[in-house]
Structures are given as C-alpha cells and as structure tokens.
Amino acid sequence: MTCEETRRNIPELLAADLPAADAARLREHLNSCTSCWQEWQELQETWTRLGILRDEQPGPELRRNFYQALEAAQKDLAAGNGWRQKLSRLLAWRTAAQFLRPAAPALRLAAASLIVAGGFGIGFFAGAGGDGGKIERLGREVDRLQQQMSLQLLDQPSASARLQGVSLTSRVQDPAPSLIAALLDTLDNDPSVNVRLSAVDALYLFSGREEVRTALPASLSRQTSPLVQIALIDLLVSLKEKQAAAALKKLLADKKIMPEVEQRARSGISKII
Amino acid sequence: MLDDEQVMSRVRDDRVEMLAILFERHHVRLYNFFLRLTSDRQLSQDLVQEVFLRILKYRHSFRGESKFSTWMYQIGRNAHIDHLRSRRPEVPIDEIWSQEPSTQPLPSQKAESEQEADLLSRALERLPLRKREVLLLSRYQDLKYQEIAGLLKCSVESVKVQVHRSLKELRRHYLELQGGIR
C-alpha cells in the first residue's frame, strides 16, 4: 500500500469501516512508515478526543410536543378512516337488501339508534322552542343511545368497528358502569393494539371515576405491547396516580421489559413520587 | 424486537402510533447532531420536532431500500437547509454552507469541570458547516461512509477526503484554543 492510499483510507480505519484485509495492509504500512504513522497518530488522537463530548438531553417540551403532534395525527387519521367507513356504509345502504343483511347486525342496530336519535331531535326542534327541560331530556336520551351503540360496537369481531365504539365513548357525558367496564375490558383483552391504545385515550376522559383510577395501575401488569405500556404509563403519570408507583416498579422488575418502556417507567416514577 | 425499518414500514402503513418507538430510539442522538451543528439548543429541539413531523407527513415515501437512520438524516439535513435558507434567503445555500461560522460559543452547562470538552466544542464550532456536518455524521451517527456519501450525494472517496481534512482542521483549532490563541 502506498503512502497516498494509506492516508486516504485512514478515516475508514478510524470509523472501523474498512474490510479486515485492507485494515491489516494499512496497519502494516503504518508500522513501517514514520510520516504516515505521524499522520495516523494525529488524526486518531483527534477522533478519539471527540468521544469525550457527552450527549445532552433535550428539554421535556420536545417529547411533549412530539406526542401532542402524534396524537393529533392519530385523530386526523381516525377521522379520515371514519369518514371512509361512513361513506362505504352509505353506499352499502343503497338497497334495503344490503342494509338488512345479517352480516352486520350491530352496525344495523347502531344505525337504527342514530335514526331514532335523529328523529327524536327533529321532532323536538320542530315541535317546540327552547324549553330547557326538553333539551336536557334529549341530551340524556342521546347520551344513552351513544352508550348503547358504543357497547354494541365494542362487541364486534371487526377491529375497525371496535375502534369506532371506543371513539364514540368520547361523546358520552355520563358513562354507565357497564360502559366503563367494557372499556376496561377492551384495554385488558382486546387483541388489537390500536384498539387498546384508543381505549387508553378514551379512559383518560373518565379518569375522574374511582373504578377507572383503581383499574388502570392493575392493567399495566397485564399489557404486553410496549406501545400500550408507554401510553398507559403516560396516562398514569398525567393523573399523578400514587397507586401507579407500585405498578411501575413491578413493571421495571420484569426482565423482558423493552428499553423504551423502562426509560418511560423510570421517568414516570420520579414524576409521581 | 422490531428493527427500525420494520417499525417504519408499519408507520408507513398508517400505524402512526409506532413512530413513538423511533422517536424514543433516535431523538436524543438527532438532537445532539443538530446541537453540535448549530450550537443552538432551542433550534436543535425545533429541528428534531420538524424532522419527526416530516417523517409523519412523508411516511408513505419510505421505501425501506435504505436504513431508516439514513432516511431520517436526509430529512434532517433538508430541514436544516430550509432553516438556513429562511434565515438568509438572499445568500446561496452553498455559500452559507462553506462560510466560516461565528465563533459564538455554546454556553456550556459544566464549563468548569469539563474544560477539555468545552475546548473541543468550541473547536468544532470553528469548522465551516460542511466540514462539521460530515465529521458529525461519521463520528457520532453510526453511519457507514457509503451511507454518508448517499446522504451528501457525493462519492465515498469524497467523504473520506472531507473527513480527513475536517479532522486536521479541528485539531488545528483545538490546539490554537488550548494555547490560548483566539
């Protein structure tokens, strides 16, 4: 190997980006050439010195802003998918035979409920003016129907229907214990990660309920997906749920824990305690 | 465990929540790349945020032919170039890229206990952007020279020459600073 070749290849030797045979030939030349050795020493010293610069941690707002943006993107995507599904259903309703086919009984019932709720609303607004009692009754009725629809959708074999069911719960003002139980069951047992992630978001809205605050830390130990684990840790930390510290410690004791989850759990504990 | 490319393929297929995994794996290193390149903490955070937003926006264009990290740094370079252009629209980008940087030092958090690191950071800041970038990519980002050549759209030989020259120039600045010559 010539001096020129040697000097040209020093950067690759430094970065360990040279095939073994070429590296051996280069080292052989370095050992026999004083000027190339001098050049190598200087470059190696500088390259090694660069290793003393330690990585800094960015501010917490970077992570917060990222997760906010991600959440917004997920919502946009879900809204887009929802619209596509609605459109395809609308097209499917062009014939009564399609609408009434037995393959989608829950969706049929959900649609029927919507029609009932819509009819109720139209009747109300057509019949009378701004009577407060009627508005309240209508609100309660719509809430009840939405809960019913959510429960039916959460029970569907299709993951996208269950996602709709979870998403519908965000409109519910006063969830019945059965709906809370269904959401918690979805969080623990749904086979789809996406549905379980949506359940975490949905439960945030009902985190004022005692049964939710009690169930969330317990659910952490049942989760196997790192994504759901991270989402659940974030939720528990945002709720400053004291019971969560024990659940996080238990999670950290798991030897199979993913590094990203471990990092989030450690940082979560420090924020809760 | 899924590798970066497998995770990104799922993000591409609209499993956007999985971008969180790539963010957790890469954001600190990417932040430090920008920090050493720009010496500006707030700007570096903004650029990391911008990179991940662009990954989200252009997720369907990820083909999986190159490593995820190479694709991410390509997006990072573009975001940085767009920032430079917006700051000085009247100056051609090649000119900005070759100019000697300002010698405004990055305020060190532990200057008294890390004098050597402080000197080295300041020496890095004295390198023109182009040289600083190629050195950071080869030294800290775990990218092969072939991948850096793809990123910078030049030959591997050219990357090697640039790294060689950058190291020599960095050494000169470091020794100058060490001797008290500003």
# chains A, B, ... in the order shown; residues from 1 in each chain; ligands from 1
>>> interface_residues(of="chain B", to="chain A", cutoff="9 Å", atoms="only C-alpha atoms", output="VMD selection string")
chain B and resid 1 14 to 21 23 to 25 27 to 29 31 to 32 35 41 to 42 44 to 46 48 to 49 52 to 53 56 116 to 118 120 to 121 138 to 140 142 144 to 145 157 160 to 161 163 to 164 167 to 168 170 to 171 174
>>> write_last_selection(atoms="N, CA and C atoms", output="short mmCIF file (atom, residue, chain, number, x, y, z; two decimals), in the first residue's frame")
data_model
loop_
_atom_site.label_atom_id
_atom_site.label_comp_id
_atom_site.auth_asym_id
_atom_site.auth_seq_id
_atom_site.Cartn_x
_atom_site.Cartn_y
_atom_site.Cartn_z
N MET B 1 -37.33 -8.07 18.95
CA MET B 1 -37.63 -6.64 18.84
C MET B 1 -37.58 -6.21 17.36
N ASP B 14 -49.75 3.45 8.03
CA ASP B 14 -50.69 4.23 8.87
C ASP B 14 -50.79 3.76 10.32
N ARG B 15 -49.85 2.92 10.77
CA ARG B 15 -49.80 2.64 12.21
C ARG B 15 -48.94 3.75 12.83
N VAL B 16 -49.45 4.98 12.75
CA VAL B 16 -48.61 6.14 13.07
C VAL B 16 -48.15 6.15 14.53
N GLU B 17 -48.92 5.48 15.41
CA GLU B 17 -48.53 5.48 16.82
C GLU B 17 -47.16 4.83 17.02
N MET B 18 -46.74 3.99 16.05
CA MET B 18 -45.46 3.30 16.21
C MET B 18 -44.27 4.23 15.98
N LEU B 19 -44.56 5.43 15.48
CA LEU B 19 -43.47 6.41 15.34
C LEU B 19 -42.88 6.74 16.70
N ALA B 20 -43.67 6.53 17.75
CA ALA B 20 -43.17 6.79 19.12
C ALA B 20 -41.92 5.95 19.39
N ILE B 21 -41.89 4.72 18.87
CA ILE B 21 -40.73 3.85 19.11
C ILE B 21 -39.49 4.47 18.46
N PHE B 23 -39.05 7.59 17.63
CA PHE B 23 -38.73 8.84 18.33
C PHE B 23 -37.88 8.54 19.57
N GLU B 24 -38.33 7.55 20.36
CA GLU B 24 -37.60 7.23 21.59
C GLU B 24 -36.20 6.70 21.28
N ARG B 25 -36.07 5.97 20.18
CA ARG B 25 -34.76 5.43 19.84
C ARG B 25 -33.78 6.48 19.33
N HIS B 27 -34.33 10.31 19.07
CA HIS B 27 -34.41 11.77 19.19
C HIS B 27 -33.22 12.39 19.93
N VAL B 28 -32.65 11.65 20.90
CA VAL B 28 -31.53 12.25 21.65
C VAL B 28 -30.30 12.39 20.74
N ARG B 29 -30.04 11.34 19.99
CA ARG B 29 -28.88 11.40 19.10
C ARG B 29 -29.06 12.46 18.01
N TYR B 31 -30.94 15.10 18.24
CA TYR B 31 -30.85 16.41 18.90
C TYR B 31 -29.38 16.82 19.06
N ASN B 32 -28.54 15.87 19.47
CA ASN B 32 -27.12 16.20 19.67
C ASN B 32 -26.40 16.46 18.35
N LEU B 35 -27.40 19.92 17.68
CA LEU B 35 -26.79 20.82 18.68
C LEU B 35 -25.32 21.09 18.33
N ARG B 41 -29.55 25.33 21.31
CA ARG B 41 -30.39 24.28 21.91
C ARG B 41 -31.85 24.37 21.45
N GLN B 42 -32.39 25.60 21.44
CA GLN B 42 -33.80 25.74 21.05
C GLN B 42 -34.00 25.35 19.59
N SER B 44 -32.16 23.36 17.87
CA SER B 44 -31.97 21.91 17.72
C SER B 44 -33.24 21.15 18.08
N GLN B 45 -33.91 21.59 19.13
CA GLN B 45 -35.18 20.95 19.51
C GLN B 45 -36.22 21.15 18.41
N ASP B 46 -36.27 22.38 17.88
CA ASP B 46 -37.24 22.68 16.81
C ASP B 46 -36.97 21.79 15.59
N VAL B 48 -35.48 18.82 15.52
CA VAL B 48 -35.86 17.42 15.79
C VAL B 48 -37.38 17.27 15.62
N GLN B 49 -38.11 18.23 16.17
CA GLN B 49 -39.57 18.20 16.05
C GLN B 49 -39.97 18.22 14.58
N PHE B 52 -39.40 14.82 12.80
CA PHE B 52 -40.40 13.78 13.06
C PHE B 52 -41.77 14.15 12.45
N LEU B 53 -42.05 15.45 12.36
CA LEU B 53 -43.29 15.84 11.67
C LEU B 53 -43.21 15.50 10.19
N LEU B 56 -43.66 11.86 9.62
CA LEU B 56 -45.09 11.54 9.69
C LEU B 56 -45.78 11.92 8.38
N GLU B 116 -11.92 20.39 28.78
CA GLU B 116 -11.48 19.80 27.53
C GLU B 116 -12.65 19.69 26.55
N ALA B 117 -13.80 19.25 27.08
CA ALA B 117 -15.00 19.13 26.24
C ALA B 117 -15.41 20.50 25.73
N ASP B 118 -15.25 21.50 26.59
CA ASP B 118 -15.61 22.86 26.22
C ASP B 118 -14.72 23.35 25.07
N LEU B 120 -13.12 21.52 22.96
CA LEU B 120 -13.42 20.74 21.77
C LEU B 120 -14.70 21.23 21.09
N SER B 121 -15.70 21.55 21.90
CA SER B 121 -16.95 22.09 21.33
C SER B 121 -16.66 23.39 20.58
N SER B 138 -19.99 11.09 10.55
CA SER B 138 -19.11 9.90 10.57
C SER B 138 -18.73 9.52 12.00
N ARG B 139 -18.64 10.49 12.89
CA ARG B 139 -18.13 10.18 14.24
C ARG B 139 -19.23 9.75 15.21
N TYR B 140 -20.41 10.36 15.09
CA TYR B 140 -21.43 10.13 16.14
C TYR B 140 -22.68 9.40 15.69
N ASP B 142 -23.20 6.70 13.66
CA ASP B 142 -23.20 5.28 13.26
C ASP B 142 -23.57 5.06 11.80
N LYS B 144 -22.31 4.42 7.88
CA LYS B 144 -21.19 3.97 7.05
C LYS B 144 -20.85 5.07 6.05
N TYR B 145 -19.60 5.06 5.56
CA TYR B 145 -19.20 6.10 4.60
C TYR B 145 -20.07 6.04 3.33
N GLU B 157 -15.13 8.29 -1.81
CA GLU B 157 -13.78 8.89 -1.79
C GLU B 157 -13.86 10.33 -1.30
N LYS B 160 -14.34 10.48 2.42
CA LYS B 160 -13.09 10.18 3.14
C LYS B 160 -12.16 11.40 3.16
N VAL B 161 -12.08 12.06 2.00
CA VAL B 161 -11.21 13.25 1.92
C VAL B 161 -11.74 14.34 2.86
N VAL B 163 -13.61 14.00 5.57
CA VAL B 163 -13.41 13.64 6.99
C VAL B 163 -11.95 13.89 7.37
N HIS B 164 -11.05 13.49 6.50
CA HIS B 164 -9.61 13.67 6.74
C HIS B 164 -9.29 15.15 6.96
N LEU B 167 -10.86 16.60 10.21
CA LEU B 167 -10.13 16.20 11.43
C LEU B 167 -8.86 17.03 11.60
N LYS B 168 -8.16 17.26 10.48
CA LYS B 168 -6.91 18.04 10.57
C LYS B 168 -7.22 19.48 10.99
N LEU B 170 -9.88 20.51 12.63
CA LEU B 170 -10.38 20.50 14.01
C LEU B 170 -9.20 20.46 14.98
N ARG B 171 -8.22 19.63 14.65
CA ARG B 171 -7.03 19.51 15.51
C ARG B 171 -6.32 20.87 15.61
N TYR B 174 -8.30 23.19 17.79
CA TYR B 174 -8.24 22.75 19.18
C TYR B 174 -6.91 23.17 19.81
#
>>> select_by_dssp(residues="stretch 167-224 of chain A", states="helix (DSSP H, G or I)", output="PyMOL selection string")
chain A and resi 167-171+177-189+193-205+210-220
>>> residues_around(residues="stretch 58-64 of chain B", least_positions_apart="3", cutoff="8 Å", atoms="only C-alpha atoms", output="list in words")
Glu5, Met8, Ser9, Val11, Arg12, Asp13, Arg54, Ile55, Lys67, Phe68 and Trp71 of chain B
>>> atom_distance(atom1="atom CA of B:Leu151", atom2="atom CA of B:Lys131")
14.1 Å
>>> residues_around(residues="A:Asp143", least_positions_apart="3", cutoff="6 Å", atoms="only C-alpha atoms", output="VMD selection string")
chain A and resid 140 146 172
>>> write_last_selection(atoms="N, CA and C atoms", output="tab-separated table (two decimals), in the first residue's frame")
chain	number	residue	atom	x	y	z
A	140	ARG	N	-79.95	13.56	27.51
A	140	ARG	CA	-79.83	12.29	28.23
A	140	ARG	C	-80.12	11.10	27.31
A	146	GLN	N	-75.91	6.71	22.61
A	146	GLN	CA	-74.50	6.62	22.25
A	146	GLN	C	-73.79	5.54	23.06
A	172	VAL	N	-69.74	10.55	25.14
A	172	VAL	CA	-70.63	10.21	26.25
A	172	VAL	C	-70.33	11.12	27.45
>>> atom_distance(atom1="atom CA of A:Ser270", atom2="atom CA of A:Gln68")
21.5 Å
>>> residues_around(residues="B:Gln141", least_positions_apart="3", cutoff="10 Å", atoms="only C-alpha atoms", output="list in words")
His26, Arg29, Leu30, Asn32, Phe33, Ser69, Thr70, Tyr73, Leu135, Leu136, Leu137, Ser138, Lys144 and Ile148 of chain B
>>> residues_around(residues="A:Phe206", least_positions_apart="5", cutoff="9 Å", atoms="only C-alpha atoms", output="list in words")
Asp174, Pro175, Ile180, Val212 and Arg213 of chain A
>>> write_last_selection(atoms="N, CA and C atoms", output="short mmCIF file (atom, residue, chain, number, x, y, z; two decimals), in the first residue's frame")
data_model
loop_
_atom_site.label_atom_id
_atom_site.label_comp_id
_atom_site.auth_asym_id
_atom_site.auth_seq_id
_atom_site.Cartn_x
_atom_site.Cartn_y
_atom_site.Cartn_z
N ASP A 174 -72.03 10.97 30.62
CA ASP A 174 -72.13 10.32 31.92
C ASP A 174 -72.17 8.79 31.72
N PRO A 175 -71.00 8.16 31.61
CA PRO A 175 -70.98 6.74 31.25
C PRO A 175 -71.54 5.84 32.35
N ILE A 180 -68.02 1.70 31.30
CA ILE A 180 -66.67 1.79 31.88
C ILE A 180 -66.06 0.39 31.93
N VAL A 212 -62.06 3.58 37.43
CA VAL A 212 -61.03 3.72 36.40
C VAL A 212 -59.66 3.90 37.05
N ARG A 213 -59.61 4.78 38.05
CA ARG A 213 -58.33 5.06 38.72
C ARG A 213 -57.78 3.81 39.40
#
>>> atom_distance(atom1="atom CA of A:Ser150", atom2="atom CA of A:Glu241")
27.1 Å
>>> closest_residue(among="B:His83, B:Arg10, B:Arg36, B:Arg172", to="B:Glu125", atoms="only C-alpha atoms")
B:Arg36
>>> residues_around(residues="B:Gly76", least_positions_apart="3", cutoff="8 Å", atoms="only C-alpha atoms", output="PyMOL selection string")
chain B and resi 47-48+51+72-73+79-80
>>> write_last_selection(atoms="C-alpha atoms", output="PDB file, in the first residue's frame")
ATOM      1  CA  LEU B  47     -35.345  20.816  14.113  1.00  0.00           C
ATOM      2  CA  VAL B  48     -35.861  17.420  15.794  1.00  0.00           C
ATOM      3  CA  VAL B  51     -37.850  16.010  11.334  1.00  0.00           C
ATOM      4  CA  MET B  72     -34.024  10.292   8.827  1.00  0.00           C
ATOM      5  CA  TYR B  73     -30.716  12.170   8.485  1.00  0.00           C
ATOM      6  CA  ALA B  79     -34.885  20.635   7.474  1.00  0.00           C
ATOM      7  CA  HIS B  80     -31.611  22.325   8.451  1.00  0.00           C
TER       8      HIS B  80
END
